[in-house]
$ cat coords05.pdb   # PDB, C-alpha atoms, pLDDT in the B column
ATOM      1  CA  MET A   1    -138.219  11.422 -21.903  1.00 83.00           C
ATOM      2  CA  PRO A   2    -138.144   7.668 -22.509  1.00 88.00           C
ATOM      3  CA  LYS A   3    -141.113   5.495 -21.655  1.00 92.00           C
ATOM      4  CA  ILE A   4    -140.763   3.824 -18.251  1.00 92.00           C
ATOM      5  CA  TYR A   5    -141.951   0.270 -17.568  1.00 94.00           C
ATOM      6  CA  VAL A   6    -142.048  -1.938 -14.488  1.00 96.00           C
ATOM      7  CA  ILE A   7    -141.535  -5.687 -14.928  1.00 93.00           C
ATOM      8  CA  PRO A   8    -143.523  -7.743 -12.398  1.00 95.00           C
ATOM      9  CA  THR A   9    -140.716  -9.960 -11.091  1.00 92.00           C
ATOM     10  CA  ASP A  10    -138.870 -10.063  -7.773  1.00 92.00           C
ATOM     11  CA  SER A  11    -135.480 -10.551  -9.441  1.00 91.00           C
ATOM     12  CA  PRO A  12    -133.673  -7.176  -9.326  1.00 93.00           C
ATOM     13  CA  ASN A  13    -132.628  -5.866 -12.736  1.00 93.00           C
ATOM     14  CA  ALA A  14    -133.172  -3.092 -15.287  1.00 93.00           C
ATOM     15  CA  PHE A  15    -132.632  -2.460 -18.992  1.00 92.00           C
ATOM     16  CA  ALA A  16    -132.979   0.162 -21.706  1.00 90.00           C
ATOM     17  CA  THR A  17    -133.878  -0.286 -25.333  1.00 88.00           C
ATOM     18  CA  GLY A  18    -134.571   1.863 -28.363  1.00 82.00           C
ATOM     19  CA  ARG A  19    -132.706   2.755 -31.516  1.00 77.00           C
ATOM     20  CA  ASN A  20    -132.272   6.418 -30.528  1.00 81.00           C
ATOM     21  CA  PRO A  21    -133.209   8.809 -27.696  1.00 85.00           C
ATOM     22  CA  GLN A  22    -136.538   9.672 -29.365  1.00 88.00           C
ATOM     23  CA  HIS A  23    -137.635   6.006 -29.382  1.00 87.00           C
ATOM     24  CA  ALA A  24    -136.255   4.781 -26.062  1.00 89.00           C
ATOM     25  CA  SER A  25    -137.742   2.803 -23.202  1.00 92.00           C
ATOM     26  CA  VAL A  26    -136.370   1.952 -19.770  1.00 94.00           C
ATOM     27  CA  ALA A  27    -137.670  -0.963 -17.708  1.00 94.00           C
ATOM     28  CA  VAL A  28    -137.035  -1.837 -14.084  1.00 95.00           C
ATOM     29  CA  THR A  29    -138.232  -4.833 -12.086  1.00 94.00           C
ATOM     30  CA  HIS A  30    -140.250  -4.799  -8.864  1.00 95.00           C
ATOM     31  CA  GLY A  31    -137.221  -6.423  -7.263  1.00 94.00           C
ATOM     32  CA  ILE A  32    -134.877  -3.530  -8.044  1.00 96.00           C
ATOM     33  CA  LEU A  33    -137.382  -1.004  -6.734  1.00 96.00           C
ATOM     34  CA  ALA A  34    -137.566  -2.878  -3.432  1.00 95.00           C
ATOM     35  CA  LEU A  35    -133.809  -3.506  -3.145  1.00 95.00           C
ATOM     36  CA  LEU A  36    -132.157  -0.167  -3.933  1.00 96.00           C
ATOM     37  CA  ASN A  37    -132.332   3.170  -2.163  1.00 97.00           C
ATOM     38  CA  ASP A  38    -133.141   6.340  -4.123  1.00 96.00           C
ATOM     39  CA  GLU A  39    -129.508   7.263  -4.887  1.00 97.00           C
ATOM     40  CA  GLU A  40    -128.679   3.751  -6.089  1.00 96.00           C
ATOM     41  CA  LEU A  41    -131.798   3.636  -8.257  1.00 96.00           C
ATOM     42  CA  GLU A  42    -130.855   7.024  -9.697  1.00 96.00           C
ATOM     43  CA  GLY A  43    -127.426   5.597 -10.593  1.00 96.00           C
ATOM     44  CA  VAL A  44    -128.994   2.568 -12.294  1.00 96.00           C
ATOM     45  CA  LEU A  45    -131.419   4.734 -14.284  1.00 95.00           C
ATOM     46  CA  ALA A  46    -128.557   7.066 -15.271  1.00 95.00           C
ATOM     47  CA  HIS A  47    -126.622   3.988 -16.468  1.00 93.00           C
ATOM     48  CA  GLU A  48    -129.591   2.878 -18.568  1.00 92.00           C
ATOM     49  CA  LEU A  49    -130.082   6.386 -19.953  1.00 91.00           C
ATOM     50  CA  GLY A  50    -126.349   6.319 -20.759  1.00 91.00           C
ATOM     51  CA  HIS A  51    -127.065   3.383 -23.080  1.00 89.00           C
ATOM     52  CA  VAL A  52    -129.764   5.483 -24.740  1.00 89.00           C
ATOM     53  CA  LYS A  53    -127.580   8.590 -24.998  1.00 89.00           C
ATOM     54  CA  ASN A  54    -124.633   6.597 -26.393  1.00 87.00           C
ATOM     55  CA  ARG A  55    -126.927   4.766 -28.874  1.00 85.00           C
ATOM     56  CA  ASP A  56    -125.685   1.416 -27.593  1.00 79.00           C
ATOM     57  CA  ILE A  57    -128.699  -0.542 -28.854  1.00 78.00           C
ATOM     58  CA  LEU A  58    -127.910   0.631 -32.390  1.00 76.00           C
ATOM     59  CA  THR A  59    -124.223  -0.251 -31.910  1.00 77.00           C
ATOM     60  CA  SER A  60    -125.141  -3.712 -30.595  1.00 76.00           C
ATOM     61  CA  SER A  61    -127.526  -4.272 -33.488  1.00 76.00           C
ATOM     62  CA  ILE A  62    -124.833  -3.407 -36.022  1.00 79.00           C
ATOM     63  CA  ALA A  63    -122.330  -5.688 -34.255  1.00 76.00           C
ATOM     64  CA  ALA A  64    -124.854  -8.552 -34.247  1.00 75.00           C
ATOM     65  CA  THR A  65    -125.593  -8.012 -37.934  1.00 80.00           C
ATOM     66  CA  LEU A  66    -121.891  -8.055 -38.811  1.00 79.00           C
ATOM     67  CA  ALA A  67    -121.352 -11.206 -36.727  1.00 77.00           C
ATOM     68  CA  GLY A  68    -124.250 -12.857 -38.557  1.00 79.00           C
ATOM     69  CA  ALA A  69    -122.861 -11.787 -41.925  1.00 81.00           C
ATOM     70  CA  ILE A  70    -119.408 -13.205 -41.107  1.00 79.00           C
ATOM     71  CA  THR A  71    -121.005 -16.487 -40.066  1.00 78.00           C
ATOM     72  CA  LEU A  72    -123.084 -16.611 -43.255  1.00 82.00           C
ATOM     73  CA  ILE A  73    -120.065 -15.895 -45.470  1.00 80.00           C
ATOM     74  CA  ALA A  74    -118.075 -18.639 -43.702  1.00 76.00           C
ATOM     75  CA  ARG A  75    -120.913 -21.112 -44.303  1.00 77.00           C
ATOM     76  CA  MET A  76    -121.213 -20.079 -47.951  1.00 79.00           C
ATOM     77  CA  GLY A  77    -117.456 -20.536 -48.382  1.00 72.00           C
ATOM     78  CA  TYR A  78    -117.643 -23.985 -46.832  1.00 71.00           C
ATOM     79  CA  TRP A  79    -120.473 -25.142 -49.097  1.00 74.00           C
ATOM     80  CA  ALA A  80    -118.794 -23.594 -52.142  1.00 73.00           C
ATOM     81  CA  SER A  81    -115.623 -25.566 -51.404  1.00 69.00           C
ATOM     82  CA  LEU A  82    -117.597 -28.795 -51.107  1.00 68.00           C
ATOM     83  CA  PHE A  83    -119.374 -28.302 -54.416  1.00 70.00           C
ATOM     84  CA  GLY A  84    -116.597 -27.035 -56.619  1.00 65.00           C
ATOM     85  CA  GLY A  85    -115.870 -23.554 -55.364  1.00 59.00           C
ATOM     86  CA  VAL A  86    -114.019 -21.165 -57.640  1.00 56.00           C
ATOM     87  CA  GLY A  87    -110.749 -21.584 -59.513  1.00 55.00           C
ATOM     88  CA  GLY A  88    -109.088 -24.635 -61.016  1.00 54.00           C
ATOM     89  CA  ARG A  89    -108.471 -28.079 -59.564  1.00 55.00           C
ATOM     90  CA  ASP A  90    -105.087 -27.062 -58.080  1.00 53.00           C
ATOM     91  CA  SER A  91    -106.581 -24.149 -56.134  1.00 52.00           C
ATOM     92  CA  ARG A  92    -109.275 -26.430 -54.663  1.00 51.00           C
ATOM     93  CA  ARG A  93    -106.959 -29.226 -53.508  1.00 56.00           C
ATOM     94  CA  ASN A  94    -106.858 -28.216 -49.801  1.00 58.00           C
ATOM     95  CA  GLY A  95    -109.927 -26.012 -49.904  1.00 58.00           C
ATOM     96  CA  GLY A  96    -112.173 -28.390 -47.958  1.00 60.00           C
ATOM     97  CA  LEU A  97    -110.009 -28.419 -44.862  1.00 65.00           C
ATOM     98  CA  SER A  98    -109.509 -24.648 -44.817  1.00 67.00           C
ATOM     99  CA  ALA A  99    -113.217 -24.091 -45.471  1.00 66.00           C
ATOM    100  CA  LEU A 100    -114.103 -26.384 -42.573  1.00 68.00           C
ATOM    101  CA  LEU A 101    -111.687 -24.487 -40.353  1.00 70.00           C
ATOM    102  CA  MET A 102    -113.251 -21.175 -41.415  1.00 72.00           C
ATOM    103  CA  LEU A 103    -116.715 -22.609 -40.783  1.00 72.00           C
ATOM    104  CA  LEU A 104    -115.701 -23.252 -37.175  1.00 76.00           C
ATOM    105  CA  VAL A 105    -113.411 -20.298 -36.450  1.00 78.00           C
ATOM    106  CA  ALA A 106    -115.194 -17.391 -38.163  1.00 76.00           C
ATOM    107  CA  PRO A 107    -118.450 -17.574 -36.172  1.00 76.00           C
ATOM    108  CA  ILE A 108    -116.556 -17.906 -32.873  1.00 78.00           C
ATOM    109  CA  ALA A 109    -114.348 -14.937 -33.728  1.00 77.00           C
ATOM    110  CA  ALA A 110    -117.380 -12.877 -34.789  1.00 76.00           C
ATOM    111  CA  THR A 111    -119.181 -13.727 -31.549  1.00 74.00           C
ATOM    112  CA  LEU A 112    -116.152 -12.818 -29.424  1.00 77.00           C
ATOM    113  CA  ILE A 113    -115.911  -9.446 -31.180  1.00 77.00           C
ATOM    114  CA  GLN A 114    -119.627  -8.846 -30.647  1.00 74.00           C
ATOM    115  CA  LEU A 115    -119.329  -9.688 -26.947  1.00 75.00           C
ATOM    116  CA  ALA A 116    -116.267  -7.463 -26.527  1.00 79.00           C
ATOM    117  CA  ILE A 117    -118.243  -4.565 -27.992  1.00 80.00           C
ATOM    118  CA  SER A 118    -121.109  -5.313 -25.590  1.00 79.00           C
ATOM    119  CA  ARG A 119    -118.741  -5.320 -22.596  1.00 83.00           C
ATOM    120  CA  SER A 120    -117.147  -2.029 -23.661  1.00 85.00           C
ATOM    121  CA  ARG A 121    -120.608  -0.454 -23.966  1.00 87.00           C
ATOM    122  CA  GLU A 122    -121.356  -1.501 -20.360  1.00 89.00           C
ATOM    123  CA  TYR A 123    -118.221   0.281 -19.143  1.00 92.00           C
ATOM    124  CA  GLU A 124    -119.166   3.359 -21.127  1.00 91.00           C
ATOM    125  CA  ALA A 125    -122.746   3.364 -19.778  1.00 91.00           C
ATOM    126  CA  ASP A 126    -121.342   3.062 -16.240  1.00 93.00           C
ATOM    127  CA  ALA A 127    -119.103   6.080 -16.852  1.00 93.00           C
ATOM    128  CA  THR A 128    -121.954   8.068 -18.426  1.00 93.00           C
ATOM    129  CA  GLY A 129    -124.272   7.226 -15.526  1.00 93.00           C
ATOM    130  CA  ALA A 130    -121.673   8.194 -12.918  1.00 94.00           C
ATOM    131  CA  HIS A 131    -120.963  11.459 -14.740  1.00 94.00           C
ATOM    132  CA  THR A 132    -124.679  12.251 -15.076  1.00 94.00           C
ATOM    133  CA  THR A 133    -125.424  11.809 -11.373  1.00 95.00           C
ATOM    134  CA  GLY A 134    -122.050  12.961 -10.098  1.00 95.00           C
ATOM    135  CA  ASN A 135    -122.206  10.019  -7.684  1.00 95.00           C
ATOM    136  CA  PRO A 136    -120.231   6.970  -8.888  1.00 95.00           C
ATOM    137  CA  TYR A 137    -120.452   5.400  -5.394  1.00 95.00           C
ATOM    138  CA  ALA A 138    -124.239   5.060  -5.667  1.00 95.00           C
ATOM    139  CA  LEU A 139    -123.971   3.164  -8.961  1.00 95.00           C
ATOM    140  CA  ALA A 140    -121.118   1.031  -7.580  1.00 94.00           C
ATOM    141  CA  SER A 141    -123.200   0.181  -4.521  1.00 95.00           C
ATOM    142  CA  ALA A 142    -126.194  -0.656  -6.718  1.00 95.00           C
ATOM    143  CA  LEU A 143    -124.085  -2.923  -8.932  1.00 94.00           C
ATOM    144  CA  GLN A 144    -122.791  -4.817  -5.893  1.00 94.00           C
ATOM    145  CA  LYS A 145    -126.294  -5.287  -4.471  1.00 94.00           C
ATOM    146  CA  LEU A 146    -127.649  -6.363  -7.851  1.00 93.00           C
ATOM    147  CA  GLU A 147    -124.819  -8.848  -8.330  1.00 91.00           C
ATOM    148  CA  ASP A 148    -125.408 -10.383  -4.895  1.00 90.00           C
ATOM    149  CA  TYR A 149    -129.198 -10.595  -5.140  1.00 89.00           C
ATOM    150  CA  SER A 150    -129.360 -11.719  -8.765  1.00 83.00           C
ATOM    151  CA  LYS A 151    -127.396 -14.852  -7.805  1.00 82.00           C
ATOM    152  CA  ARG A 152    -130.037 -15.697  -5.201  1.00 86.00           C
ATOM    153  CA  LEU A 153    -132.981 -14.873  -7.435  1.00 82.00           C
ATOM    154  CA  PRO A 154    -131.806 -14.994 -11.084  1.00 80.00           C
ATOM    155  CA  LEU A 155    -133.869 -13.353 -13.784  1.00 80.00           C
ATOM    156  CA  GLN A 156    -135.206 -15.727 -16.426  1.00 77.00           C
ATOM    157  CA  ALA A 157    -134.022 -14.314 -19.753  1.00 75.00           C
ATOM    158  CA  THR A 158    -133.083 -15.642 -23.147  1.00 73.00           C
ATOM    159  CA  PRO A 159    -129.557 -15.333 -24.580  1.00 69.00           C
ATOM    160  CA  SER A 160    -130.938 -12.891 -27.160  1.00 69.00           C
ATOM    161  CA  THR A 161    -132.065 -10.453 -24.424  1.00 75.00           C
ATOM    162  CA  ALA A 162    -129.414 -11.058 -21.732  1.00 73.00           C
ATOM    163  CA  HIS A 163    -127.150  -8.296 -23.045  1.00 73.00           C
ATOM    164  CA  LEU A 164    -129.815  -5.654 -22.383  1.00 78.00           C
ATOM    165  CA  PHE A 165    -129.842  -5.947 -18.594  1.00 85.00           C
ATOM    166  CA  ILE A 166    -127.610  -4.015 -16.189  1.00 86.00           C
ATOM    167  CA  ILE A 167    -126.529  -7.289 -14.550  1.00 85.00           C
ATOM    168  CA  ALA A 168    -126.246 -10.294 -16.853  1.00 78.00           C
ATOM    169  CA  PRO A 169    -129.134 -12.650 -16.019  1.00 75.00           C
ATOM    170  CA  LEU A 170    -127.287 -15.690 -17.384  1.00 61.00           C
ATOM    171  CA  ILE A 171    -124.696 -16.611 -14.786  1.00 52.00           C
ATOM    172  CA  GLY A 172    -121.556 -18.431 -15.871  1.00 50.00           C
ATOM    173  CA  GLY A 173    -117.988 -18.672 -14.776  1.00 50.00           C
ATOM    174  CA  GLY A 174    -114.645 -19.935 -16.030  1.00 50.00           C
ATOM    175  CA  ILE A 175    -114.528 -20.140 -19.795  1.00 49.00           C
ATOM    176  CA  GLY A 176    -118.176 -19.077 -19.837  1.00 52.00           C
ATOM    177  CA  SER A 177    -117.072 -15.584 -18.794  1.00 54.00           C
ATOM    178  CA  LEU A 178    -115.311 -15.298 -22.151  1.00 53.00           C
ATOM    179  CA  PHE A 179    -118.746 -15.504 -23.737  1.00 60.00           C
ATOM    180  CA  SER A 180    -120.405 -13.088 -21.284  1.00 71.00           C
ATOM    181  CA  THR A 181    -122.134  -9.970 -22.553  1.00 73.00           C
ATOM    182  CA  HIS A 182    -121.107  -8.109 -19.382  1.00 80.00           C
ATOM    183  CA  PRO A 183    -117.727  -7.446 -17.792  1.00 87.00           C
ATOM    184  CA  PRO A 184    -117.192  -8.730 -14.236  1.00 88.00           C
ATOM    185  CA  THR A 185    -119.066  -6.593 -11.705  1.00 90.00           C
ATOM    186  CA  LYS A 186    -115.942  -6.215  -9.543  1.00 92.00           C
ATOM    187  CA  GLU A 187    -114.090  -4.693 -12.499  1.00 92.00           C
ATOM    188  CA  ARG A 188    -117.003  -2.349 -13.223  1.00 92.00           C
ATOM    189  CA  ILE A 189    -116.951  -1.170  -9.603  1.00 93.00           C
ATOM    190  CA  ARG A 190    -113.151  -0.692  -9.698  1.00 94.00           C
ATOM    191  CA  ARG A 191    -113.474   1.447 -12.806  1.00 92.00           C
ATOM    192  CA  LEU A 192    -116.188   3.547 -11.163  1.00 92.00           C
ATOM    193  CA  ILE A 193    -114.571   4.246  -7.781  1.00 91.00           C
ATOM    194  CA  GLY A 194    -110.979   3.040  -8.174  1.00 88.00           C
ATOM    195  CA  ARG A 195    -111.283   0.205  -5.656  1.00 82.00           C
ATOM    196  CA  ASP A 196    -113.499  -2.662  -4.477  1.00 77.00           C
ATOM    197  CA  LEU A 197    -116.446  -1.936  -2.226  1.00 73.00           C
ATOM    198  CA  ALA A 198    -115.773  -2.870   1.395  1.00 63.00           C
TER     199      ALA A 198
END

$ encode --input "coords05.pdb" --output "structure tokens"
Amino acid sequence: MPKIYVIPTDSPNAFATGRNPQHASVAVTHGILALLNDEELEGVLAHELGHVKNRDILTSSIAATLAGAITLIARMGYWASLFGGVGGRDSRRNGGLSALLMLLVAPIAATLIQLAISRSREYEADATGAHTTGNPYALASALQKLEDYSKRLPLQATPSTAHLFIIAPLIGGGIGSLFSTHPPTKERIRRLIGRDLA
């Protein structure tokens, strides 16, 4: 049984953390407890326990570490090209430009991969939660309510913790959605029940 915490904020949200099921914690806000009915709250908690069961925090940590390593290697390659690099003069002739390109492209590519993994883990936790409760409509209804209310009363979170929450606390649209840790709520609901909520 994971430890359960209540966050004293009116913004409705929830998250799970822990490297494995034996060291897991689930937190919900006062706002989510007031907003959702029992079935919807059960769906949200099943979603969060799905993250624990699927070891998503460990997966996210590995993805973040790999993204950081790719960024570090790109920076090392850039500085190596500026200060001589490896090989003879002919092999270094256009090295600066390609190193600069790698310095810019590699971290963006690593971040996009990390975010894609995070979004896929959200879909999987939704599916696990719906399977656990046997009631995908309750989770879909909860997601819709959380999406609507979190826009009115957004949760203050840092970019380093935004990926943990069931609804992304950092709201962005357009090209910003490319850098979102969560898939669109409408798509999550469609995957759960096969259609939009009325």

$ residues_around --input "coords05.pdb" --residues "A:Asp10" --least-positions-apart "2" --cutoff "8 Å" --atoms "only C-alpha atoms" --output "list of chain:residue names"
A:Pro8, A:Pro12, A:Thr29, A:His30, A:Gly31, A:Ile32, A:Leu153

$ atom_distance --input "coords05.pdb" --atom1 "atom CA of A:Glu39" --atom2 "atom CA of A:Ser180"
27.7 Å

$ closest_residue --input "coords05.pdb" --among "A:Arg55, A:Glu147, A:Lys3, A:Leu36" --to "A:Phe165" --atoms "only C-alpha atoms"
A:Glu147

$ atom_distance --input "coords05.pdb" --atom1 "atom CA of A:Ala109" --atom2 "atom CA of A:Thr65"
13.9 Å

$ atom_distance --input "coords05.pdb" --atom1 "atom CA of A:Tyr149" --atom2 "atom CA of A:Glu40"
14.4 Å

$ residues_around --input "coords05.pdb" --residues "A:Gly129" --least-positions-apart "3" --cutoff "10 Å" --atoms "all atoms listed in the file" --output "number ranges by chain"
A: 42-51, 123-126, 132-136, 139, 192

$ closest_residue --input "coords05.pdb" --among "A:Ala110, A:Ser61, A:Thr161, A:Asp38" --to "A:Ala138" --atoms "all atoms listed in the file"
A:Asp38

$ axis_aligned_box --input "coords05.pdb" --around "stretch 145-160 of chain A" --padding-each-side "3 Å" --output "AutoDock Vina command-line options"
--center_x -130.0 --center_y -10.5 --center_z -15.8 --size_x 16.4 --size_y 16.4 --size_z 28.7

$ resolve_selection --input "coords05.pdb" --expression "the PyMOL selection byres ((chain A and resi 155) around 10)" --output "list in words"
Thr9, Asp10, Ser11, Pro12, Asn13, Thr29, Ser150, Lys151, Arg152, Leu153, Pro154, Gln156, Ala157, Thr158, Ala162, Phe165, Ile167, Ala168, Pro169, Leu170 and Ile171 of chain A

$ closest_residue --input "coords05.pdb" --among "A:Gly18, A:Pro107, A:Pro184, A:Gly77" --to "A:Gln144" --atoms "only C-alpha atoms"
A:Pro184

$ closest_residue --input "coords05.pdb" --among "A:Ile166, A:Ile193, A:Ala106, A:Leu72" --to "A:Val26" --atoms "all atoms listed in the file"
A:Ile166

$ residues_around --input "coords05.pdb" --residues "A:Ile113" --least-positions-apart "3" --cutoff "12 Å" --atoms "all atoms listed in the file" --output "mmCIF file with C-alpha atoms, keeping the file's coordinate frame"
data_model
loop_
_atom_site.group_PDB
_atom_site.id
_atom_site.type_symbol
_atom_site.label_atom_id
_atom_site.label_comp_id
_atom_site.auth_asym_id
_atom_site.auth_seq_id
_atom_site.Cartn_x
_atom_site.Cartn_y
_atom_site.Cartn_z
ATOM 1 C CA SER A 60 -125.141 -3.712 -30.595
ATOM 2 C CA ILE A 62 -124.833 -3.407 -36.022
ATOM 3 C CA ALA A 63 -122.330 -5.688 -34.255
ATOM 4 C CA ALA A 64 -124.854 -8.552 -34.247
ATOM 5 C CA THR A 65 -125.593 -8.012 -37.934
ATOM 6 C CA LEU A 66 -121.891 -8.055 -38.811
ATOM 7 C CA ALA A 67 -121.352 -11.206 -36.727
ATOM 8 C CA GLY A 68 -124.250 -12.857 -38.557
ATOM 9 C CA ILE A 70 -119.408 -13.205 -41.107
ATOM 10 C CA ALA A 106 -115.194 -17.391 -38.163
ATOM 11 C CA PRO A 107 -118.450 -17.574 -36.172
ATOM 12 C CA ILE A 108 -116.556 -17.906 -32.873
ATOM 13 C CA ALA A 109 -114.348 -14.937 -33.728
ATOM 14 C CA ALA A 110 -117.380 -12.877 -34.789
ATOM 15 C CA ALA A 116 -116.267 -7.463 -26.527
ATOM 16 C CA ILE A 117 -118.243 -4.565 -27.992
ATOM 17 C CA SER A 118 -121.109 -5.313 -25.590
ATOM 18 C CA ARG A 119 -118.741 -5.320 -22.596
ATOM 19 C CA SER A 120 -117.147 -2.029 -23.661
ATOM 20 C CA LEU A 178 -115.311 -15.298 -22.151
ATOM 21 C CA PHE A 179 -118.746 -15.504 -23.737
ATOM 22 C CA SER A 180 -120.405 -13.088 -21.284
ATOM 23 C CA THR A 181 -122.134 -9.970 -22.553
#
